[in-house]
Amino acid sequence: MKEVILYTDGACSGNPGVGGYCAILMYKGKERVISGAEGMTTNNRMELMAVIKGLEALKEPCKVDIYSDSAYVVNAFLQDWITNWQNNGFKTSKGKVLNIELWQKLIELCACHNASWHKVKGHADNEYNNRCDSIARKEIDNFKKNAGQV
C-alpha cells in the first residue's frame, strides 16, 4: 500500500465569508498542491474541504498520514466523535451536527484509505501547514479579485 503524507488547511475572510482551502500531498519526494475557494462559507467547511479534496486526489487506497491544525476535523476522528455522530443520526446534545454532507463525504473517503490523523499547531513553525495556510489565503484573495470584491 502506498504511503502518502497529506497536509491541509482552510481559511476564511469573515466567518461566514469567502473561504479558501489547500491540500499538499507528498509521495516519494514529490508534491501535489490542490487548492480552491468558495464564495460564502465558513472556516470549518474549508478545513473539511481541504482534507476531502486531498483524499479525492488519491487514485487508489493508500496509507495516509493527515496533518491539520483544525481541532474540529482532527478531534472528530481522534476522539471518535464520528462514531457517536453516526450512531446518533448526526445529532449531539446541542443539536444537529453542522456540515453533515461534508462529514459523510469525508467518512466515505476515509473508508477507502488507512488514515492516521495528526494535529499540528497552526501558524507555528510547521513548514507545510504554513504553506497550506498561505495558499488558502491566496485563493481567498484571487476569488475576491475575480468577483470584484477587493
# chains A, B, ... in the order shown; residues from 1 in each chain; ligands from 1

call {"tool": "residues_around", "arguments": {"residues": "Ala50 of chain A", "least_positions_apart": "6", "cutoff": "12 Å", "atoms": "only C-alpha atoms", "output": "PDB file with C-alpha atoms, in the first residue's frame"}}
result
ATOM      1  CA  LEU A   6      -1.320  14.962   3.406  1.00  0.00           C
ATOM      2  CA  TYR A   7      -1.119  18.457   4.899  1.00  0.00           C
ATOM      3  CA  THR A   8      -4.278  20.550   4.853  1.00  0.00           C
ATOM      4  CA  ASP A   9      -5.583  23.934   5.879  1.00  0.00           C
ATOM      5  CA  GLY A  10      -8.672  26.029   5.396  1.00  0.00           C
ATOM      6  CA  ALA A  11      -9.157  29.754   5.841  1.00  0.00           C
ATOM      7  CA  GLY A  19     -13.061  30.843   2.069  1.00  0.00           C
ATOM      8  CA  GLY A  20     -10.063  29.034   0.686  1.00  0.00           C
ATOM      9  CA  TYR A  21      -8.515  25.627   1.210  1.00  0.00           C
ATOM     10  CA  CYS A  22      -5.265  23.874   0.387  1.00  0.00           C
ATOM     11  CA  ALA A  23      -4.027  20.299   0.473  1.00  0.00           C
ATOM     12  CA  ILE A  24      -0.427  19.269  -0.123  1.00  0.00           C
ATOM     13  CA  LEU A  25       0.034  15.600  -0.991  1.00  0.00           C
ATOM     14  CA  VAL A  33      -0.855  21.028  -4.361  1.00  0.00           C
ATOM     15  CA  ILE A  34      -4.638  21.182  -4.572  1.00  0.00           C
ATOM     16  CA  SER A  35      -6.438  24.393  -3.678  1.00  0.00           C
ATOM     17  CA  GLY A  36      -9.623  26.301  -4.255  1.00  0.00           C
ATOM     18  CA  ALA A  37     -12.104  28.816  -2.893  1.00  0.00           C
ATOM     19  CA  GLU A  38     -15.814  29.302  -2.265  1.00  0.00           C
ATOM     20  CA  ASN A  43     -13.655  28.233   8.220  1.00  0.00           C
ATOM     21  CA  ASN A  44     -14.776  24.780   9.386  1.00  0.00           C
ATOM     22  CA  GLU A  56     -10.221  12.655  -3.549  1.00  0.00           C
ATOM     23  CA  ALA A  57      -6.967  13.161  -5.473  1.00  0.00           C
ATOM     24  CA  ILE A  66      -3.164  13.539   7.569  1.00  0.00           C
ATOM     25  CA  TYR A  67      -1.814  16.689   9.239  1.00  0.00           C
ATOM     26  CA  SER A  68      -4.158  19.556  10.080  1.00  0.00           C
ATOM     27  CA  ASP A  69      -4.270  22.453  12.527  1.00  0.00           C
ATOM     28  CA  SER A  70      -8.055  22.047  12.802  1.00  0.00           C
ATOM     29  CA  VAL A  73     -11.515  17.940  11.991  1.00  0.00           C
ATOM     30  CA  LEU A 102     -19.034  17.093   4.197  1.00  0.00           C
ATOM     31  CA  LEU A 106     -15.002  12.515   4.477  1.00  0.00           C
ATOM     32  CA  ASN A 129       0.999  23.889   7.478  1.00  0.00           C
ATOM     33  CA  CYS A 132      -1.169  25.428   3.135  1.00  0.00           C
ATOM     34  CA  ASP A 133      -2.351  28.491   5.056  1.00  0.00           C
ATOM     35  CA  ILE A 135      -2.035  29.120  -0.422  1.00  0.00           C
ATOM     36  CA  ALA A 136      -5.558  29.011   1.074  1.00  0.00           C
TER      37      ALA A 136
END

call {"tool": "select_by_dssp", "arguments": {"residues": "segment 14-96 of chain A", "states": "alpha helix (DSSP H)", "output": "number ranges by chain"}}
result
A: 43-56, 71-78, 81-87

call {"tool": "closest_residue", "arguments": {"among": "A:Ile140, A:Cys112, A:Ala147, A:Leu55", "to": "Val18 of chain A", "atoms": "only C-alpha atoms"}}
result
A:Ile140

call {"tool": "closest_residue", "arguments": {"among": "A:Gln79, A:Ser134, A:Gln86, A:Asn99", "to": "Lys119 of chain A", "atoms": "only C-alpha atoms"}}
result
A:Gln79

call {"tool": "select_by_dssp", "arguments": {"residues": "segment 35-79 of chain A", "states": "strand (DSSP E)", "output": "short mmCIF file (atom, residue, chain, number, x, y, z; two decimals) with C-alpha atoms, in the first residue's frame"}}
result
data_model
loop_
_atom_site.label_atom_id
_atom_site.label_comp_id
_atom_site.auth_asym_id
_atom_site.auth_seq_id
_atom_site.Cartn_x
_atom_site.Cartn_y
_atom_site.Cartn_z
CA SER A 35 -6.44 24.39 -3.68
CA GLY A 36 -9.62 26.30 -4.26
CA ALA A 37 -12.10 28.82 -2.89
CA GLU A 38 -15.81 29.30 -2.27
CA GLY A 39 -17.87 32.46 -2.01
CA MET A 40 -19.96 32.18 1.13
CA THR A 41 -18.66 29.58 3.52
CA CYS A 62 -3.29 4.42 0.46
CA LYS A 63 -1.88 4.69 3.94
CA VAL A 64 -2.35 8.42 4.56
CA ASP A 65 -0.89 10.48 7.38
CA ILE A 66 -3.16 13.54 7.57
CA TYR A 67 -1.81 16.69 9.24
CA SER A 68 -4.16 19.56 10.08
#

call {"tool": "atom_distance", "arguments": {"atom1": "atom CA of Gly17 of chain A", "atom2": "atom CA of Thr42 of chain A"}}
result
6.4 Å

call {"tool": "closest_residue", "arguments": {"among": "A:Asn84, A:Asn126, A:Gln104, A:Ser13", "to": "Leu48 of chain A", "atoms": "only C-alpha atoms"}}
result
A:Gln104
